[in-house]
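S.K.: Handing you a structure now.
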Protein chains: 6
Amino acid sequence: MSATDEATLRAELLIEALPYIQRFRGAVVVVKYGGNAMVDPALAATFAEDIVLMRSVGIRPVVVHGGGPQISELMERLGKVPEFRDGQRVTDAETVDIARMVLVGKVNREIVGAINVHGPLAVGVSGEDAGLIVAEARDPELGFVGDVESVRPAILERLLAEELIPVVSTIGADETGQAYNINADAVAGAIAQALAAEKVIYLTDVEGLLADVADAASLISHIDAPALQARIDAGSLTGGMIPKINACLHAVGGGVGSAHLLDGRVPHVLLLELFSDAGIGTMITPETGS
Amino acid sequence: MSATDEATLRAELLIEALPYIQRFRGAVVVVKYGGNAMVDPALAATFAEDIVLMRSVGIRPVVVHGGGPQISELMERLGKVPEFRDGQRVTDAETVDIARMVLVGKVNREIVGAINVHGPLAVGVSGEDAGLIVAEARDPELGFVGDVESVRPAILERLLAEELIPVVSTIGADETGQAYNINADAVAGAIAQALAAEKVIYLTDVEGLLADVADAASLISHIDAPALQARIDAGSLTGGMIPKINACLHAVGGGVGSAHLLDGRVPHVLLLELFSDAGIGTMITPETGS
Amino acid sequence: MSATDEATLRAELLIEALPYIQRFRGAVVVVKYGGNAMVDPALAATFAEDIVLMRSVGIRPVVVHGGGPQISELMERLGKVPEFRDGQRVTDAETVDIARMVLVGKVNREIVGAINVHGPLAVGVSGEDAGLIVAEARDPELGFVGDVESVRPAILERLLAEELIPVVSTIGADETGQAYNINADAVAGAIAQALAAEKVIYLTDVEGLLADVADAASLISHIDAPALQARIDAGSLTGGMIPKINACLHAVGGGVGSAHLLDGRVPHVLLLELFSDAGIGTMITPETGS
Amino acid sequence: MSATDEATLRAELLIEALPYIQRFRGAVVVVKYGGNAMVDPALAATFAEDIVLMRSVGIRPVVVHGGGPQISELMERLGKVPEFRDGQRVTDAETVDIARMVLVGKVNREIVGAINVHGPLAVGVSGEDAGLIVAEARDPELGFVGDVESVRPAILERLLAEELIPVVSTIGADETGQAYNINADAVAGAIAQALAAEKVIYLTDVEGLLADVADAASLISHIDAPALQARIDAGSLTGGMIPKINACLHAVGGGVGSAHLLDGRVPHVLLLELFSDAGIGTMITPETGS
Amino acid sequence: MSATDEATLRAELLIEALPYIQRFRGAVVVVKYGGNAMVDPALAATFAEDIVLMRSVGIRPVVVHGGGPQISELMERLGKVPEFRDGQRVTDAETVDIARMVLVGKVNREIVGAINVHGPLAVGVSGEDAGLIVAEARDPELGFVGDVESVRPAILERLLAEELIPVVSTIGADETGQAYNINADAVAGAIAQALAAEKVIYLTDVEGLLADVADAASLISHIDAPALQARIDAGSLTGGMIPKINACLHAVGGGVGSAHLLDGRVPHVLLLELFSDAGIGTMITPETGS
Amino acid sequence: MSATDEATLRAELLIEALPYIQRFRGAVVVVKYGGNAMVDPALAATFAEDIVLMRSVGIRPVVVHGGGPQISELMERLGKVPEFRDGQRVTDAETVDIARMVLVGKVNREIVGAINVHGPLAVGVSGEDAGLIVAEARDPELGFVGDVESVRPAILERLLAEELIPVVSTIGADETGQAYNINADAVAGAIAQALAAEKVIYLTDVEGLLADVADAASLISHIDAPALQARIDAGSLTGGMIPKINACLHAVGGGVGSAHLLDGRVPHVLLLELFSDAGIGTMITPETGS
């Protein structure tokens, strides 16, 4: 392909993205970032590019991240054995300290750094900053594992108004100042709801929601909340996706336009979802049938 | 190419445009629109798309248009014989009336209409509106042919601040309210200067400036103002491009970042110039050598 | 009268206008301009003066104009025979093009020019600009004759906020960008309603509404909407005024403070209506009896 | 004259005021109010009307008033004998207290009251409010007679920005909070300068400046500052007008557009000066010859 | 106590005030100033300090003052015998003039002066300024004694927005511009209500409300509105406090957070009330029991 | 002391702080936080109180913190041996990662947490956020030890404008995104300069600067920059204070009003410095002698 042909193709593809760009101009999009997309350096770089491009065409992205494996890794280096109960990490005082160091001081920093290669755009925020996330203990036996009690989105709104990109670590604090580690999927949904986001997008390590877990071809590309709830109630969806799905249902039930489960292993999957009709992952909407 | 591959390619090409998008964010770009790009319906539609995309990625475009052939056509239908002296239309009171009807009431409308298919974005403006273009007579023998005496850019600045796209017809008025027909190339340069534009782009029916008019391969892709002036003084550039070139020199001499002569017959030539490194047309800059 | 006496008289008359000036400060007044007031050069000049004075004392005028006779004139010069069905112009593609050229490119320009002799105050706007007037076809047999489907007043509000005077041509567009010619009386009422105007004023070629068309002394100086509707229903009002009267009823029914039918042949009739108690023309109000 | 003819005349006279209204739109005009215009109830009412009309047509008036005779009157009622040295009131602690009561609590109130009959427009301000006038003692022998040391115009600018009419009493305070009575002519000039006023107007009980005090026909209608200074230096101007003239010279020397000495006994003299070409009183400008 | 110990104590006491400072940040507090606190120079100085400190820590104070004794004093010096009917001053035209001079021209000035020793902070306002207090006659026999008909708080809101301290004299005007003397307690309550104040505080010459007037130890430190009304209805509260108490009930009934009766003879009583838990005076709240 | 006496004393001490409160209203004060004040929980709590009180009285505090000992501690727990060259930590890739985790994820969090017990006021910021601190390598042998190349204070200005309290970790990044650990004393000075701060205050573990290190009574309470430089040049100041002193000299040389070395072991030492005349620590000013 000649240089001119390539340029022409690029122009045409830009133009094809135009209706999508116009539709999402000014919209808040919350992206839950995690899994392979976060640990593979090449994917991490394309993720940063996608976020910067979203901002460049007028979308207002908010990144929310977790970091369970990184927390376990530091715990182990410090001689602590991670302990889980029903899939949740038992979190004593030292563990929440370690979690906070890893999330706020390492994972968040790496995301901010990757974005800011493109300009002074990203700002790290922890849930304790300006009282963003008020937490409450989930269960005394789990220690400092918290649930989102409420969200004060003012600090995010200010950063968005300045065209900055907030990157949120999911540490919350209760009224006494005690820190809690909070599930990032739940935080992403709660923040999306508090910001009246257009979309909340979860990057996962699977293609999306499968009607039949055993059949990769059974991807559900669109399902509305009642139908999804019915599948859960019927027990046809189980396992690790349940918390994410519940966060999605909570978000669309609270005013978010749509929730998405995307395969974070696909390069530029955010752009594919936002700027094309190619059926990517699973979209969950408030009402329309699948 | 599969749907997914296409989508991926689109994502990658979008990302390649990212540095250009960031560079021109917020910049004013004045586009002189005319020639084939205006009369060929397919090109007119891609022109409108390009202008809307420019706005969508944060550029603030201003369109300036002429319409000589359309004026001649209506004159002929009304039984008037167009008369030219040294390439300039002799413009009596009836002719300036016809020119105004055609430019403001027909050509401008068609451009506004083509853009507004994409949303309520464009607003037609004539040089008489809010005193935008103050004109003075060029030569009593030519009648109501005017030169730009001064530009009051306030109305354009207001529309740009509202993220609207001004489309400017090149009728000016003197202090008594008398209308004049003004050369659109000169108006585009004067408006670019008054708005401290980043770029002024002229869409023409040629590939750009040729070092040797007889040799299409002699395209000058970049030349600075002194070198260009030297070529004019040496007489190596002549003919129809001279007024456009003078407008370019005037603009870059008055603070505009660069002036461009592009081939309006190439679809999406505006995007090619703005969002790729592909050498398109001729760029004229204030100082650096070619 | 000595110079001093004259000056004193002027001062006293200014002062007598003071309560009216204070009452209408900041109010939006939509003026439908047409008929003799538009074609008689002396009346056109006093109309422009009135509009500028209104703005100078804090009123925010919007001018809406038609131009049927001027359209017919150009059609005839171009060899087209105007054709009417039930008083409405059959409007094929070429006719709407001609109407647009005449309204936007000629009549609008002349009004803007007459006002701008007093300063850079007026800005021409067509219903297509920034999606001001969304039109829909009235009747397939009439071609591109449109009705007002909706009004997006944002562009007018912005211009008024900048203390500019919008002059509106009554071309609208549907969602596909197709242009329509729309009745100016209806547009004036719809714009007055969309702007929550204090008054909408129709300049006509008669003294106002006559209780008995045969008796010039039977002028109705004030009537409320129910009483006016009753007269229409009773068939006592007929003929050319009906569309104007319906636009008046629609406007006051939609929140406009009052609608006025004034005799545009009287110099400075706008000032007489606004700044004195002299009974001028017919005022239509939402509720109070005549 | 019929009602219609009268109305038409009024409309025409309004229109004749139009160029003046446009010229002074937005301009600050400081009016020193005193003498007969203040004590004659009919003149006081027309003065209030003039000030309100000025505001209604976009001028931003500031009223500065004195009140020497009223101070003397209350002193006498309280059994104090006013004492003057070189025309200046000897002002002990009780006297400055009385002066303040009379100026701020009586004269200012009456002006505010007369204006506010037309709406909630006027706000009384004393030089002590928000530190408006910083005073310094003129001469220990005179007691609390002050000169203007500096002006903090912020409070006036805020009121003007809210379209309110400040009415200023000429009491100032030094840094310790001690009150001083200050000459109102000087204060008017200093405030006009601090506000970069277009005009400062002194209402007096004479027709203006006479070239020959004995000859009422020798009124100087226009004189520039150097020529006026020359007349003072030559001793051809003497007596009570000297302080006023010096305030005028100071003001135009400090950036005020022009200073005016008008005959406050003429009804609506402010409007005559502002809205007609009739030669009223004496205008003093920075530079041009008489 | 060593200098360092003193400094440390000061720091600790500042810190103890911190929760109160945070609670009242941004709150409007209306203070009715009168009695001994106004006539004792030392108390007047500490009052000014308190007001300035309140502003310095983010409270927005409004001072409302009376001045009955000062009015009587000037009346007597002018040979007029004050006459009271049912405790209310019979106010003829001359008396309202005197009251206005004393309140606006003397008492208000002294308060403004005392505050402005600390900087250009206070601005005197009379109820006539910008139509702040619209008055109506209470009783023809009392002459120009007025009641508050309505409050236009715009002028106060503007001054507060500029971080200025309004000092309000309680003269009102009716629509004809006639001045009235109005009870300052009532004005303080009405202004507190119009500004949706957090608190209205009355400085009095007693410790607060006593359950048993004969027993100084029976101070009621907190009572809610229904309980207070019950005591009035039962006749257990009588005498001079009734008008103040009614103003308090009116204010808390109209949305003010709480009303306070404080002993103005105690230095810095405002700070004691605002910044400590020490039970000072009587607090009246809308609902909770004592 | 009775409750009332205590309250009165508190009121009086508040009032004594008034002139200091007024002087520093709106001023930016940068506080370098470290040493004992940071590790002693009681001192950490009083530090937080002081910062919140500063904000409550209108000061705009910015906290900058280090954390060398905490970094060494985690390194040791992770089996890394801290290595210093000329008092500077040799910082390999893993060490800068650990430093960042400790500073941003632990120390910063604890400060934010302690402040936010008083409300949602503090926001943690790292030098990488929105490009706050651009770093450059100091010396290849030291690895990722950085110097401040430039400061982009926009993010701090935005947070201060929202009345938030920024808490800054001293990690910077170069243009490639590589993180560096930077000396906190230097960062505090550079940020103070970039914000045109009124003061930069260093909390240390000594009383201040001693003229004779061996004599605790030789505290220098005030010294200007030239005199301080002279002492350095004369070699009479040596040891650990030199970097702090150089940061102070740099700050006052770059426009900061004054720099202070305070004893962070004294409770509320910030308030003592700001709100009393008690000579606390050492003040360094641009020019005046001691």
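How things are named: the first chain in the structure tokens is A, the next is B, and so on; residues count from 1 in each chain; ligands count from 1 in the order shown.
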Give me, as a PyMOL selection string, the residues of chain D touching chain C, with the criterion being at most 7 Å (counting only C-alpha atoms).

M.R.: chain D and resi 3-4+7-8+10-11+13-15+18+21-22+49+53+56-58+268+271-272+276+278

S.K.: Excluding same-chain residues fewer than 4 positions from F:Ile242, what lies within 12 Å of it counting only C-alpha atoms, as a ChimeraX atom specification?

M.R.: /F:87,185-186,209,228-229,231-233,235-238,246-249,261

S.K.: Based on the selection just made, write N, CA, C and O atoms of those residues as a CSV table (one decimal), in the first residue's frame.

M.R.:
chain,number,residue,atom,x,y,z
F,87,GLY,N,25.9,10.9,51.9
F,87,GLY,CA,24.6,11.2,52.5
F,87,GLY,C,23.4,11.0,51.6
F,87,GLY,O,22.3,11.3,52.0
F,185,ASP,N,13.1,18.6,50.9
F,185,ASP,CA,13.4,20.0,51.3
F,185,ASP,C,13.5,20.8,50.0
F,185,ASP,O,12.9,21.9,49.9
F,186,ALA,N,14.2,20.3,49.0
F,186,ALA,CA,14.3,21.0,47.7
F,186,ALA,C,12.9,21.2,47.1
F,186,ALA,O,12.6,22.2,46.5
F,209,LEU,N,18.1,27.6,63.8
F,209,LEU,CA,19.5,27.7,63.5
F,209,LEU,C,20.3,28.3,64.7
F,209,LEU,O,19.9,29.3,65.2
F,228,LEU,N,23.0,35.1,55.9
F,228,LEU,CA,23.0,33.7,56.0
F,228,LEU,C,24.0,33.1,55.1
F,228,LEU,O,24.8,32.2,55.4
F,229,GLN,N,24.0,33.6,53.9
F,229,GLN,CA,25.0,33.2,52.9
F,229,GLN,C,26.4,33.4,53.4
F,229,GLN,O,27.3,32.6,53.2
F,231,ARG,N,27.5,33.5,56.4
F,231,ARG,CA,27.8,32.5,57.4
F,231,ARG,C,28.2,31.1,56.8
F,231,ARG,O,29.1,30.4,57.2
F,232,ILE,N,27.4,30.8,55.7
F,232,ILE,CA,27.8,29.5,55.0
F,232,ILE,C,29.1,29.6,54.4
F,232,ILE,O,30.0,28.8,54.6
F,233,ASP,N,29.4,30.8,53.7
F,233,ASP,CA,30.7,30.9,53.1
F,233,ASP,C,31.8,30.9,54.1
F,233,ASP,O,32.9,30.4,53.8
F,235,GLY,N,31.9,29.2,56.6
F,235,GLY,CA,32.1,27.8,57.1
F,235,GLY,C,31.6,27.7,58.6
F,235,GLY,O,31.8,26.7,59.2
F,236,SER,N,30.8,28.7,59.0
F,236,SER,CA,30.4,28.6,60.4
F,236,SER,C,29.1,27.8,60.5
F,236,SER,O,28.6,27.5,61.6
F,237,LEU,N,28.5,27.4,59.4
F,237,LEU,CA,27.3,26.5,59.4
F,237,LEU,C,27.7,25.3,58.7
F,237,LEU,O,28.1,25.3,57.5
F,238,THR,N,27.5,24.1,59.3
F,238,THR,CA,27.9,22.9,58.6
F,238,THR,C,26.9,21.8,58.9
F,238,THR,O,26.0,22.0,59.7
F,246,ASN,N,20.0,25.7,52.2
F,246,ASN,CA,20.1,26.1,50.7
F,246,ASN,C,18.7,26.2,50.1
F,246,ASN,O,18.4,27.1,49.3
F,247,ALA,N,17.8,25.3,50.5
F,247,ALA,CA,16.5,25.3,50.0
F,247,ALA,C,15.8,26.6,50.4
F,247,ALA,O,15.1,27.3,49.6
F,248,CYS,N,16.0,27.0,51.6
F,248,CYS,CA,15.4,28.3,52.2
F,248,CYS,C,16.0,29.5,51.3
F,248,CYS,O,15.2,30.4,50.9
F,249,LEU,N,17.3,29.5,51.1
F,249,LEU,CA,17.9,30.6,50.4
F,249,LEU,C,17.3,30.7,49.0
F,249,LEU,O,17.0,31.7,48.4
F,261,LEU,N,12.6,27.8,59.8
F,261,LEU,CA,13.1,26.5,60.4
F,261,LEU,C,12.5,26.4,61.8
F,261,LEU,O,12.8,27.2,62.7

S.K.: Considering only helix (DSSP H, G or I) as DSSP defines it on the backbone, what residues of stretch 84-258 of chain B qualify? List them as a PyMOL selection string.

M.R.: chain B and resi 93-116+129-131+140-142+154-161+184-194+216-218+225-233+241-253

S.K.: Just want the 9 Å neighbourhood of F:Val134, counted on only C-alpha atoms, with same-chain residues fewer than 4 positions away dropped. Output as a list in words.

M.R.: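 Close residues of F:Val134: Gly127, Glu128, Asp147, Val148, Glu149, Ser150, Val151, Arg152, Gly172, Ala173, Asp174 and Glu175 of chain F.
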
S.K.: Write out as a list in words which residues come within 9 Å of C:Leu210 when counting only C-alpha atoms, dropping same-chain ones fewer than 4 positions away.

M.R.: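 With the cut-off at 9 Å, the set is Ala214, Asp215, Ala216, Ala217, Ser218, Leu219, Ile220, Ser221, Leu237 and Thr282 of chain C.
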
S.K.: If we count only C-alpha atoms, what is near F:Gly257 at a cut-off of 9 Å, once residues fewer than 3 positions away on the same chain are taken out, given as a list in words?

M.R.: Ala196, Ala197, Glu198, Lys199, Val200, Ala251, Val252, Ile284, Thr285 and Pro286 of chain F

S.K.: Within 9 Å of A:Val123, counting only C-alpha atoms, which residues qualify if same-chain residues fewer than 4 places away don't, as a ChimeraX atom specification?

M.R.: /A:112,116,159,164-168 /F:125-126,128-131,155

S.K.: Excluding B:Gly105 and any residue of its chain fewer than 2 positions from it, enumerate the residues within 9 Å of it, using only C-alpha atoms, and give them as a list of chain:residue names.

M.R.: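 The filter keeps B:Arg100, B:Met101, B:Val102, B:Leu103, B:Val107, B:Asn108, B:Arg109, B:Glu110, C:Asp97, C:Ile98, C:Ala99, C:Arg100, C:Met101, C:Val102, C:Leu103, C:Val104, C:Gly105, C:Lys106.
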
S.K.: Emit the selected residues as a JSON list (two decimals), in the first residue's frame, including C-alpha atoms.

M.R.:
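Result file is again_19.json:
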[["chain", "number", "residue", "atom", "x", "y", "z"],
["B", 100, "ARG", "CA", -24.53, 38.71, -2.67],
["B", 101, "MET", "CA", -27.62, 36.66, -3.42],
["B", 102, "VAL", "CA", -25.54, 33.86, -4.85],
["B", 103, "LEU", "CA", -22.83, 33.81, -2.18],
["B", 107, "VAL", "CA", -23.44, 28.84, -1.89],
["B", 108, "ASN", "CA", -23.20, 29.58, 1.83],
["B", 109, "ARG", "CA", -26.52, 27.84, 2.44],
["B", 110, "GLU", "CA", -25.38, 24.71, 0.65],
["C", 97, "ASP", "CA", -33.60, 27.69, -4.13],
["C", 98, "ILE", "CA", -34.78, 31.02, -5.50],
["C", 99, "ALA", "CA", -36.72, 31.81, -2.33],
["C", 100, "ARG", "CA", -33.65, 31.13, -0.25],
["C", 101, "MET", "CA", -31.45, 33.30, -2.44],
["C", 102, "VAL", "CA", -33.90, 36.16, -2.26],
["C", 103, "LEU", "CA", -34.68, 35.93, 1.45],
["C", 104, "VAL", "CA", -31.22, 35.13, 2.83],
["C", 105, "GLY", "CA", -29.09, 36.76, 0.15],
["C", 106, "LYS", "CA", -31.07, 39.89, -0.61]]

S.K.: Please, what distance in Å, to one decimal, runs between atom CA of E:Met241 and atom CA of E:Thr204?

M.R.: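 Going from atom CA of E:Met241 over to atom CA of E:Thr204, I get 9.3 Å.
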
S.K.: So the first atom is atom CA of B:Pro226 and the second is atom CA of B:Val256; what is the distance between them in Å, to one decimal place?

M.R.: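 Here the two named atoms are 15.2 Å from each other.
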
S.K.: From a DSSP calculation on the backbone, collect every residue of stretch 10-208 of chain D in strand (DSSP E or B) and output the set as a PyMOL selection string.

M.R.: chain D and resi 28-33+60-65+84-85+88-89+91+122-126+133-137+143+145-151+165-169+171-173+179-182+199-204

S.K.: May I have the selected residues written with C-alpha atoms, as a PDB file, in the first residue's frame?

M.R.:
ATOM      1  CA  VAL D  28     -19.408  56.452  33.717  1.00  0.00           C
ATOM      2  CA  VAL D  29     -20.639  59.987  34.332  1.00  0.00           C
ATOM      3  CA  VAL D  30     -19.977  61.565  37.743  1.00  0.00           C
ATOM      4  CA  VAL D  31     -22.417  64.336  38.665  1.00  0.00           C
ATOM      5  CA  LYS D  32     -21.631  66.780  41.465  1.00  0.00           C
ATOM      6  CA  TYR D  33     -25.060  67.771  42.766  1.00  0.00           C
ATOM      7  CA  ARG D  60     -23.613  54.594  34.551  1.00  0.00           C
ATOM      8  CA  PRO D  61     -24.163  57.707  36.684  1.00  0.00           C
ATOM      9  CA  VAL D  62     -22.520  58.370  40.063  1.00  0.00           C
ATOM     10  CA  VAL D  63     -23.928  61.221  42.172  1.00  0.00           C
ATOM     11  CA  VAL D  64     -21.653  63.138  44.555  1.00  0.00           C
ATOM     12  CA  HIS D  65     -23.270  65.713  46.805  1.00  0.00           C
ATOM     13  CA  PHE D  84     -15.201  80.190  58.522  1.00  0.00           C
ATOM     14  CA  ARG D  85     -11.552  80.954  57.819  1.00  0.00           C
ATOM     15  CA  GLN D  88     -13.470  77.132  54.894  1.00  0.00           C
ATOM     16  CA  ARG D  89     -15.531  75.922  57.779  1.00  0.00           C
ATOM     17  CA  THR D  91     -14.638  71.944  61.994  1.00  0.00           C
ATOM     18  CA  ALA D 122     -29.972  54.150  44.273  1.00  0.00           C
ATOM     19  CA  VAL D 123     -27.669  53.206  47.127  1.00  0.00           C
ATOM     20  CA  GLY D 124     -26.235  55.764  49.532  1.00  0.00           C
ATOM     21  CA  VAL D 125     -22.513  55.481  50.169  1.00  0.00           C
ATOM     22  CA  SER D 126     -20.330  57.509  52.483  1.00  0.00           C
ATOM     23  CA  ILE D 133     -12.220  57.911  50.569  1.00  0.00           C
ATOM     24  CA  VAL D 134      -9.025  58.049  52.608  1.00  0.00           C
ATOM     25  CA  ALA D 135      -8.708  61.550  54.037  1.00  0.00           C
ATOM     26  CA  GLU D 136      -5.884  63.594  55.489  1.00  0.00           C
ATOM     27  CA  ALA D 137      -6.132  66.790  57.528  1.00  0.00           C
ATOM     28  CA  GLY D 143      -9.795  70.924  62.566  1.00  0.00           C
ATOM     29  CA  VAL D 145     -11.431  69.502  57.291  1.00  0.00           C
ATOM     30  CA  GLY D 146      -9.897  66.882  55.044  1.00  0.00           C
ATOM     31  CA  ASP D 147      -8.313  66.489  51.643  1.00  0.00           C
ATOM     32  CA  VAL D 148      -8.635  63.376  49.508  1.00  0.00           C
ATOM     33  CA  GLU D 149      -5.496  61.324  50.037  1.00  0.00           C
ATOM     34  CA  SER D 150      -6.648  58.394  47.922  1.00  0.00           C
ATOM     35  CA  VAL D 151      -9.769  56.741  46.541  1.00  0.00           C
ATOM     36  CA  ILE D 165     -26.718  54.240  41.187  1.00  0.00           C
ATOM     37  CA  PRO D 166     -24.249  55.199  43.940  1.00  0.00           C
ATOM     38  CA  VAL D 167     -24.989  58.451  45.784  1.00  0.00           C
ATOM     39  CA  VAL D 168     -21.831  59.545  47.604  1.00  0.00           C
ATOM     40  CA  SER D 169     -21.568  61.680  50.757  1.00  0.00           C
ATOM     41  CA  ILE D 171     -17.120  62.266  54.491  1.00  0.00           C
ATOM     42  CA  GLY D 172     -13.722  60.574  54.524  1.00  0.00           C
ATOM     43  CA  ALA D 173     -11.739  58.810  57.225  1.00  0.00           C
ATOM     44  CA  ALA D 179     -13.872  61.288  60.145  1.00  0.00           C
ATOM     45  CA  TYR D 180     -13.252  64.417  58.035  1.00  0.00           C
ATOM     46  CA  ASN D 181     -15.538  66.681  56.082  1.00  0.00           C
ATOM     47  CA  ILE D 182     -14.197  67.047  52.550  1.00  0.00           C
ATOM     48  CA  LYS D 199     -17.470  63.017  32.109  1.00  0.00           C
ATOM     49  CA  VAL D 200     -17.621  64.844  35.417  1.00  0.00           C
ATOM     50  CA  ILE D 201     -20.461  67.353  35.558  1.00  0.00           C
ATOM     51  CA  TYR D 202     -20.796  70.134  38.137  1.00  0.00           C
ATOM     52  CA  LEU D 203     -24.282  71.544  38.666  1.00  0.00           C
ATOM     53  CA  THR D 204     -23.914  75.169  39.761  1.00  0.00           C
TER      54      THR D 204
END

S.K.: Using only C-alpha atoms, pick whichever of A:Gly254, A:Ile59, A:Gly35, A:Glu163 has the shortest atom-to-atom distance to A:Arg23.

M.R.: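 Ranking A:Gly254, A:Ile59, A:Gly35, A:Glu163 by distance to A:Arg23, first place goes to A:Ile59.
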